[in-house]
>>> print(open('run_25.pdb').read())   # PDB, C-alpha atoms
ATOM      1  CA  MET A 960       8.000 -12.416   7.293
ATOM      2  CA  SER A 961       7.836 -11.566  10.961
ATOM      3  CA  ASN A 962       5.697 -13.707  13.203
ATOM      4  CA  GLY A 963       5.552 -12.015  16.590
ATOM      5  CA  GLU A 964       2.662 -13.317  18.633
ATOM      6  CA  GLY A 965       1.287 -12.646  22.089
ATOM      7  CA  THR A 966      -1.948 -13.009  23.975
ATOM      8  CA  ARG A 967      -4.316 -10.524  25.585
ATOM      9  CA  MET A 968      -7.690 -11.010  27.191
ATOM     10  CA  GLY A 969     -10.125 -11.791  24.391
ATOM     11  CA  GLY A 970      -7.673 -11.776  21.489
ATOM     12  CA  ASP A 971      -4.248 -12.809  20.278
ATOM     13  CA  GLU A 972      -1.680 -10.260  19.147
ATOM     14  CA  TRP A 973       0.174 -10.909  15.901
ATOM     15  CA  ALA A 974       2.623  -9.134  13.607
ATOM     16  CA  ARG A 975       3.778  -9.874  10.052
ATOM     17  CA  THR A 976       5.310  -8.093   7.087
ATOM     18  CA  GLY A 977       4.249  -7.998   3.459
ATOM     19  CA  PRO A 978       5.641  -6.566   0.255
ATOM     20  CA  TYR A 979       5.515  -2.824  -0.315
ATOM     21  CA  GLN A 980       3.301  -1.185  -2.901
ATOM     22  CA  ARG A 981       2.685   2.547  -3.164
ATOM     23  CA  ASP A 982      -1.073   1.883  -2.935
ATOM     24  CA  LEU A 983      -1.427   0.536   0.619
ATOM     25  CA  SER A 984      -4.869  -0.934  -0.063
ATOM     26  CA  ALA A 985      -3.485  -2.863  -3.041
ATOM     27  CA  ALA A 986      -0.546  -4.054  -0.925
ATOM     28  CA  PHE A 987      -2.995  -5.182   1.769
ATOM     29  CA  ARG A 988      -5.063  -7.119  -0.779
ATOM     30  CA  GLN A 989      -1.896  -8.741  -2.135
ATOM     31  CA  ALA A 990      -0.794  -9.698   1.384
ATOM     32  CA  GLN A 991      -4.233 -11.248   1.940
ATOM     33  CA  GLU A 992      -4.110 -13.216  -1.321
ATOM     34  CA  ASP A 993      -0.563 -14.397  -0.512
ATOM     35  CA  GLU A 994      -1.670 -15.547   2.950
ATOM     36  CA  LEU A 995      -4.722 -17.309   1.528
ATOM     37  CA  ALA A 996      -2.520 -19.086  -1.037
ATOM     38  CA  ARG A 997      -0.238 -20.292   1.805
ATOM     39  CA  ASP A 998      -3.149 -21.571   3.896
ATOM     40  CA  SER A 999      -6.811 -21.535   2.853
ATOM     41  CA  ARG A1000      -7.880 -22.675   6.336
ATOM     42  CA  GLY A1001     -10.260 -25.180   4.769
ATOM     43  CA  PHE A1002     -11.970 -22.577   2.548
ATOM     44  CA  GLU A1003     -10.404 -23.637  -0.762
ATOM     45  CA  GLY A1004     -11.061 -21.988  -4.081
ATOM     46  CA  ARG A1005     -12.369 -18.641  -2.870
ATOM     47  CA  SER A1006     -11.080 -15.094  -3.001
ATOM     48  CA  VAL A1007     -10.865 -12.895   0.088
ATOM     49  CA  GLU A1008     -13.961 -11.016  -1.094
ATOM     50  CA  GLN A1009     -15.891 -14.274  -1.464
ATOM     51  CA  LEU A1010     -14.773 -15.437   1.969
ATOM     52  CA  TRP A1011     -16.054 -12.292   3.664
ATOM     53  CA  ARG A1012     -19.504 -12.880   2.133
ATOM     54  CA  ASP A1013     -19.580 -16.408   3.621
ATOM     55  CA  PRO A1014     -21.234 -16.637   7.076
ATOM     56  CA  ASP A1015     -19.032 -19.671   7.893
ATOM     57  CA  TRP A1016     -15.883 -17.592   7.270
ATOM     58  CA  GLN A1017     -17.228 -14.746   9.387
ATOM     59  CA  GLU A1018     -17.915 -17.147  12.244
ATOM     60  CA  TYR A1019     -14.423 -18.635  11.819
ATOM     61  CA  ILE A1020     -12.853 -15.169  12.075
ATOM     62  CA  PHE A1021     -15.012 -13.945  14.960
ATOM     63  CA  THR A1022     -14.500 -17.084  17.058
ATOM     64  CA  GLY A1023     -10.740 -17.335  16.708
ATOM     65  CA  GLY A1024      -9.439 -15.846  13.515
ATOM     66  CA  THR A1025      -6.239 -16.467  11.636
ATOM     67  CA  GLY A1026      -3.877 -14.040  13.354
ATOM     68  CA  THR A1027      -3.078 -12.583   9.923
ATOM     69  CA  VAL A1028      -4.249  -9.955   7.453
ATOM     70  CA  LEU A1029      -7.105 -12.321   6.557
ATOM     71  CA  ASP A1030      -8.907 -11.253   9.740
ATOM     72  CA  PHE A1031      -9.978  -7.961   8.115
ATOM     73  CA  PRO A1032     -12.346  -7.426   5.189
ATOM     74  CA  LEU A1033     -10.863  -4.084   4.149
ATOM     75  CA  MET A1034      -8.452  -1.264   4.837
ATOM     76  CA  ILE A1035      -9.848   2.034   6.087
ATOM     77  CA  GLU A1036      -8.304   5.506   5.915
ATOM     78  CA  ALA A1037      -5.599   6.412   8.447
ATOM     79  CA  GLU A1038      -7.777   9.136   9.965
ATOM     80  CA  ASP A1039     -10.798   6.831  10.330
ATOM     81  CA  THR A1040     -11.473   5.851  13.940
ATOM     82  CA  ASP A1041     -14.180   3.239  13.339
ATOM     83  CA  ASP A1042     -13.999   0.132  15.464
ATOM     84  CA  GLY A1043     -14.407  -3.201  13.844
ATOM     85  CA  PRO A1044     -12.561  -5.693  11.821
ATOM     86  CA  PHE A1045     -10.553  -3.208   9.771
ATOM     87  CA  MET A1046      -6.908  -2.686   8.856
ATOM     88  CA  ARG A1047      -5.858   0.948   9.358
ATOM     89  CA  PRO A1048      -2.573   2.574   8.316
ATOM     90  CA  LEU A1049      -0.919   4.765  10.923
ATOM     91  CA  THR A1050      -0.961   8.512  10.424
ATOM     92  CA  ASP A1051       2.362  10.306  10.012
ATOM     93  CA  GLY A1052       2.044  11.610  13.578
ATOM     94  CA  GLU A1053       1.473   8.103  14.933
ATOM     95  CA  VAL A1054       4.578   6.849  13.122
ATOM     96  CA  ARG A1055       6.712   9.757  14.338
ATOM     97  CA  ALA A1056       5.697   9.050  17.951
ATOM     98  CA  TRP A1057       7.949   5.953  17.900
ATOM     99  CA  ALA A1058      10.099   6.666  14.814
ATOM    100  CA  PRO A1059      10.800  10.451  14.922
ATOM    101  CA  HIS A1060      12.474  10.486  11.486
ATOM    102  CA  GLY A1061       9.249   9.131   9.920
ATOM    103  CA  GLN A1062      10.841   6.263   7.973
ATOM    104  CA  PRO A1063      10.944   3.294  10.346
ATOM    105  CA  THR A1064      12.993   0.229   9.562
ATOM    106  CA  TYR A1065      11.829  -3.301  10.249
ATOM    107  CA  GLU A1066      14.136  -3.397  13.272
ATOM    108  CA  GLU A1067      12.677  -0.173  14.701
ATOM    109  CA  TRP A1068       9.120  -1.404  14.152
ATOM    110  CA  ASP A1069       9.828  -4.776  15.736
ATOM    111  CA  ALA A1070      11.577  -3.169  18.725
ATOM    112  CA  ALA A1071       8.734  -0.647  19.166
ATOM    113  CA  LEU A1072       6.159  -3.461  19.239
ATOM    114  CA  ASP A1073       8.281  -5.519  21.658
ATOM    115  CA  SER A1074       8.830  -2.570  24.007
ATOM    116  CA  GLY A1075       5.239  -1.320  23.941
ATOM    117  CA  ARG A1076       6.217   2.078  22.467
ATOM    118  CA  LEU A1077       4.023   1.012  19.563
ATOM    119  CA  GLU A1078       0.814  -0.445  20.906
ATOM    120  CA  PHE A1079      -1.314  -3.179  19.479
ATOM    121  CA  PRO A1080      -4.801  -2.001  18.502
ATOM    122  CA  GLY A1081      -7.965  -3.205  20.200
ATOM    123  CA  ARG A1082      -9.642  -6.532  19.552
ATOM    124  CA  SER A1083     -10.714  -7.152  15.941
ATOM    125  CA  GLN A1084      -8.458  -4.385  14.672
ATOM    126  CA  GLY A1085      -5.231  -4.118  12.733
ATOM    127  CA  ASN A1086      -2.697  -1.451  11.882
ATOM    128  CA  CYS A1087      -0.017  -1.142   9.246
ATOM    129  CA  THR A1088       2.866   1.110   8.304
ATOM    130  CA  VAL A1089       5.496   1.312   5.588
ATOM    131  CA  LEU A1090       8.942   0.009   6.586
ATOM    132  CA  TYR A1091      12.150   1.331   5.037
ATOM    133  CA  ARG A1092      15.689   0.175   4.319
ATOM    134  CA  ASP A1093      18.313   2.743   3.355
ATOM    135  CA  GLY A1094      15.575   5.378   3.029
ATOM    136  CA  ARG A1095      13.543   3.339   0.545
ATOM    137  CA  PRO A1096      10.181   1.687   1.242
ATOM    138  CA  VAL A1097      10.590  -2.108   1.138
ATOM    139  CA  HIS A1098       7.887  -3.721   3.294
ATOM    140  CA  ILE A1099       4.661  -3.024   5.045
ATOM    141  CA  GLY A1100       4.413  -4.031   8.674
ATOM    142  CA  TYR A1101       0.998  -5.372   9.697
ATOM    143  CA  TRP A1102      -0.051  -6.045  13.288
ATOM    144  CA  GLY A1103      -3.313  -6.670  14.992
ATOM    145  CA  VAL A1104      -5.422  -8.479  17.529
ATOM    146  CA  THR A1105      -7.851 -11.294  16.811
ATOM    147  CA  THR A1106     -11.475 -11.050  17.903
ATOM    148  CA  ASP A1107     -11.420 -13.943  20.331
TER     149      ASP A1107
END
>>> encode(input="run_25.pdb", output="structure tokens")
Amino acid sequence: MSNGEGTRMGGDEWARTGPYQRDLSAAFRQAQEDELARDSRGFEGRSVEQLWRDPDWQEYIFTGGTGTVLDFPLMIEAEDTDDGPFMRPLTDGEVRAWAPHGQPTYEEWDAALDSGRLEFPGRSQGNCTVLYRDGRPVHIGYWGVTTD
């Protein structure tokens, strides 16, 4: 799992990978459950859905966050441009802007983030894309910026 981190005014940048599933929303949920199992951040015994209904969790996220997929209650459609605490997959055009062949590897994704060819989203937002090895999908790259 990648753990690239940086800082920007009003939020911390982060990047991680999770296992691939054809259904990106299901993969996102699994990545969230895996992260929660690794570290419950003091909110033991609750699912991600339960956490997002808890005002204490919301305050925790909006005053610092986790710097992980847990910072987002749900994944929106790639074409959706809503602001807010959402994870959004890149469109094919957005992927091809930094990976012209359309099947980026982990190394290409990591280099694009490091070089700025692939930008971090705004505060309280996350993006994701499928990552490939030998032409086969193997991971999903997640990256985002905390609220504060």
>>> atom_distance(input="run_25.pdb", atom1="CA of Arg997 (chain A)", atom2="CA of Asp1042 (chain A)")
28.2 Å
>>> resolve_selection(input="run_25.pdb", expression="the PyMOL selection byres ((chain A and resi 1070-1076) around 12)", output="compact mmCIF listing (two decimals) with C-alpha atoms, keeping the file's coordinate frame")
# COMPACT_ATOMS: atom_id res chain seq x y z
CA SER A 961 7.84 -11.57 10.96
CA ASN A 962 5.70 -13.71 13.20
CA GLY A 963 5.55 -12.02 16.59
CA GLU A 964 2.66 -13.32 18.63
CA GLY A 965 1.29 -12.65 22.09
CA GLU A 972 -1.68 -10.26 19.15
CA TRP A 973 0.17 -10.91 15.90
CA ALA A 974 2.62 -9.13 13.61
CA ARG A 975 3.78 -9.87 10.05
CA GLU A 1053 1.47 8.10 14.93
CA VAL A 1054 4.58 6.85 13.12
CA ARG A 1055 6.71 9.76 14.34
CA ALA A 1056 5.70 9.05 17.95
CA TRP A 1057 7.95 5.95 17.90
CA ALA A 1058 10.10 6.67 14.81
CA PRO A 1063 10.94 3.29 10.35
CA THR A 1064 12.99 0.23 9.56
CA TYR A 1065 11.83 -3.30 10.25
CA GLU A 1066 14.14 -3.40 13.27
CA GLU A 1067 12.68 -0.17 14.70
CA TRP A 1068 9.12 -1.40 14.15
CA ASP A 1069 9.83 -4.78 15.74
CA LEU A 1077 4.02 1.01 19.56
CA GLU A 1078 0.81 -0.44 20.91
CA PHE A 1079 -1.31 -3.18 19.48
CA PRO A 1080 -4.80 -2.00 18.50
CA ASN A 1086 -2.70 -1.45 11.88
CA CYS A 1087 -0.02 -1.14 9.25
CA GLY A 1100 4.41 -4.03 8.67
CA TYR A 1101 1.00 -5.37 9.70
CA TRP A 1102 -0.05 -6.04 13.29
CA GLY A 1103 -3.31 -6.67 14.99
>>> closest_residue(input="run_25.pdb", among="A:Tyr979, A:Pro1044, A:Pro1014, A:Asp1039", to="Arg1095 (chain A)", atoms="only C-alpha atoms")
A:Tyr979
>>> resolve_selection(input="run_25.pdb", expression="the PyMOL selection byres ((chain A and resi 1019) around 12)", output="list in words")
Arg1000, Gly1001, Phe1002, Leu1010, Trp1011, Asp1013, Pro1014, Asp1015, Trp1016, Gln1017, Glu1018, Ile1020, Phe1021, Thr1022, Gly1023, Gly1024, Thr1025, Gly1026, Leu1029, Asp1030, Thr1105, Thr1106 and Asp1107 of chain A
>>> residues_around(input="run_25.pdb", residues="Glu994 (chain A)", least_positions_apart="4", cutoff="9 Å", atoms="only C-alpha atoms", output="list in words")
Gln989, Ala990, Asp998, Ser999, Thr1027, Val1028 and Leu1029 of chain A
>>> residues_around(input="run_25.pdb", residues="Gln1062 (chain A)", least_positions_apart="6", cutoff="7 Å", atoms="all atoms listed in the file", output="PyMOL selection string")
chain A and resi 1090-1091+1094
>>> closest_residue(input="run_25.pdb", among="A:Pro1048, A:Pro978, A:Gly1085, A:Gly970", to="Ile1099 (chain A)", atoms="all atoms listed in the file")
A:Pro978
>>> atom_distance(input="run_25.pdb", atom1="CA of Leu1049 (chain A)", atom2="CA of Thr976 (chain A)")
14.8 Å
>>> axis_aligned_box(input="run_25.pdb", around="region 985-996 of chain A", padding_each_side="5 Å", output="AutoDock Vina command-line options")
--center_x -2.8 --center_y -11.0 --center_z 0.0 --size_x 14.5 --size_y 26.2 --size_z 16.0
>>> atom_distance(input="run_25.pdb", atom1="CA of Met1034 (chain A)", atom2="CA of Val1104 (chain A)")
14.9 Å
>>> closest_residue(input="run_25.pdb", among="A:Gly1081, A:Asp971, A:Ala996, A:Asp1093", to="Asp1041 (chain A)", atoms="all atoms listed in the file")
A:Gly1081
>>> build_atoms(input="run_25.pdb", residues="region 977-1007 of chain A", atoms="N, CA and C atoms", output="mmCIF file, in the coordinates of the input")
data_model
loop_
_atom_site.group_PDB
_atom_site.id
_atom_site.type_symbol
_atom_site.label_atom_id
_atom_site.label_comp_id
_atom_site.auth_asym_id
_atom_site.auth_seq_id
_atom_site.Cartn_x
_atom_site.Cartn_y
_atom_site.Cartn_z
ATOM 1 N N GLY A 977 4.621 -7.676 4.829
ATOM 2 C CA GLY A 977 4.249 -7.998 3.459
ATOM 3 C C GLY A 977 4.987 -7.082 2.514
ATOM 4 N N PRO A 978 4.929 -7.386 1.231
ATOM 5 C CA PRO A 978 5.641 -6.566 0.255
ATOM 6 C C PRO A 978 5.050 -5.162 0.141
ATOM 7 N N TYR A 979 5.910 -4.225 -0.165
ATOM 8 C CA TYR A 979 5.515 -2.824 -0.315
ATOM 9 C C TYR A 979 4.899 -2.590 -1.685
ATOM 10 N N GLN A 980 3.847 -1.806 -1.699
ATOM 11 C CA GLN A 980 3.301 -1.185 -2.901
ATOM 12 C C GLN A 980 2.925 0.235 -2.508
ATOM 13 N N ARG A 981 3.030 1.149 -3.440
ATOM 14 C CA ARG A 981 2.685 2.547 -3.164
ATOM 15 C C ARG A 981 1.234 2.666 -2.694
ATOM 16 N N ASP A 982 0.340 1.920 -3.318
ATOM 17 C CA ASP A 982 -1.073 1.883 -2.935
ATOM 18 C C ASP A 982 -1.210 0.890 -1.774
ATOM 19 N N LEU A 983 -1.389 1.413 -0.560
ATOM 20 C CA LEU A 983 -1.427 0.536 0.619
ATOM 21 C C LEU A 983 -2.599 -0.431 0.587
ATOM 22 N N SER A 984 -3.728 -0.021 0.043
ATOM 23 C CA SER A 984 -4.869 -0.934 -0.063
ATOM 24 C C SER A 984 -4.555 -2.094 -1.005
ATOM 25 N N ALA A 985 -3.879 -1.807 -2.104
ATOM 26 C CA ALA A 985 -3.485 -2.863 -3.041
ATOM 27 C C ALA A 985 -2.460 -3.788 -2.389
ATOM 28 N N ALA A 986 -1.533 -3.228 -1.632
ATOM 29 C CA ALA A 986 -0.546 -4.054 -0.925
ATOM 30 C C ALA A 986 -1.230 -4.957 0.096
ATOM 31 N N PHE A 987 -2.223 -4.410 0.795
ATOM 32 C CA PHE A 987 -2.995 -5.182 1.769
ATOM 33 C C PHE A 987 -3.714 -6.338 1.084
ATOM 34 N N ARG A 988 -4.371 -6.064 -0.038
ATOM 35 C CA ARG A 988 -5.063 -7.119 -0.779
ATOM 36 C C ARG A 988 -4.077 -8.196 -1.229
ATOM 37 N N GLN A 989 -2.901 -7.766 -1.696
ATOM 38 C CA GLN A 989 -1.896 -8.741 -2.135
ATOM 39 C C GLN A 989 -1.417 -9.585 -0.958
ATOM 40 N N ALA A 990 -1.207 -8.951 0.190
ATOM 41 C CA ALA A 990 -0.794 -9.698 1.384
ATOM 42 C C ALA A 990 -1.868 -10.709 1.771
ATOM 43 N N GLN A 991 -3.143 -10.319 1.643
ATOM 44 C CA GLN A 991 -4.233 -11.248 1.940
ATOM 45 C C GLN A 991 -4.234 -12.424 0.960
ATOM 46 N N GLU A 992 -4.112 -12.141 -0.322
ATOM 47 C CA GLU A 992 -4.110 -13.216 -1.321
ATOM 48 C C GLU A 992 -2.915 -14.145 -1.117
ATOM 49 N N ASP A 993 -1.744 -13.582 -0.784
ATOM 50 C CA ASP A 993 -0.563 -14.397 -0.512
ATOM 51 C C ASP A 993 -0.799 -15.309 0.690
ATOM 52 N N GLU A 994 -1.391 -14.758 1.744
ATOM 53 C CA GLU A 994 -1.670 -15.547 2.950
ATOM 54 C C GLU A 994 -2.679 -16.647 2.650
ATOM 55 N N LEU A 995 -3.706 -16.329 1.894
ATOM 56 C CA LEU A 995 -4.722 -17.309 1.528
ATOM 57 C C LEU A 995 -4.121 -18.426 0.674
ATOM 58 N N ALA A 996 -3.188 -18.075 -0.212
ATOM 59 C CA ALA A 996 -2.520 -19.086 -1.037
ATOM 60 C C ALA A 996 -1.651 -20.012 -0.177
ATOM 61 N N ARG A 997 -1.053 -19.472 0.887
ATOM 62 C CA ARG A 997 -0.238 -20.292 1.805
ATOM 63 C C ARG A 997 -1.097 -21.246 2.621
ATOM 64 N N ASP A 998 -2.282 -20.760 3.045
ATOM 65 C CA ASP A 998 -3.149 -21.571 3.896
ATOM 66 C C ASP A 998 -4.590 -21.094 3.732
ATOM 67 N N SER A 999 -5.412 -21.911 3.095
ATOM 68 C CA SER A 999 -6.811 -21.535 2.853
ATOM 69 C C SER A 999 -7.701 -21.791 4.066
ATOM 70 N N ARG A 1000 -7.142 -22.398 5.099
ATOM 71 C CA ARG A 1000 -7.880 -22.675 6.336
ATOM 72 C C ARG A 1000 -9.160 -23.474 6.080
ATOM 73 N N GLY A 1001 -9.112 -24.340 5.079
ATOM 74 C CA GLY A 1001 -10.260 -25.180 4.769
ATOM 75 C C GLY A 1001 -11.307 -24.515 3.901
ATOM 76 N N PHE A 1002 -11.021 -23.316 3.391
ATOM 77 C CA PHE A 1002 -11.970 -22.577 2.548
ATOM 78 C C PHE A 1002 -11.387 -22.467 1.136
ATOM 79 N N GLU A 1003 -11.079 -23.605 0.531
ATOM 80 C CA GLU A 1003 -10.404 -23.637 -0.762
ATOM 81 C C GLU A 1003 -11.214 -22.991 -1.876
ATOM 82 N N GLY A 1004 -10.469 -22.456 -2.846
ATOM 83 C CA GLY A 1004 -11.061 -21.988 -4.081
ATOM 84 C C GLY A 1004 -11.840 -20.694 -4.009
ATOM 85 N N ARG A 1005 -11.619 -19.895 -2.985
ATOM 86 C CA ARG A 1005 -12.369 -18.641 -2.870
ATOM 87 C C ARG A 1005 -11.410 -17.469 -2.714
ATOM 88 N N SER A 1006 -11.847 -16.328 -3.192
ATOM 89 C CA SER A 1006 -11.080 -15.094 -3.001
ATOM 90 C C SER A 1006 -11.385 -14.538 -1.614
ATOM 91 N N VAL A 1007 -10.618 -13.553 -1.196
ATOM 92 C CA VAL A 1007 -10.865 -12.895 0.088
ATOM 93 C C VAL A 1007 -12.257 -12.274 0.095
#
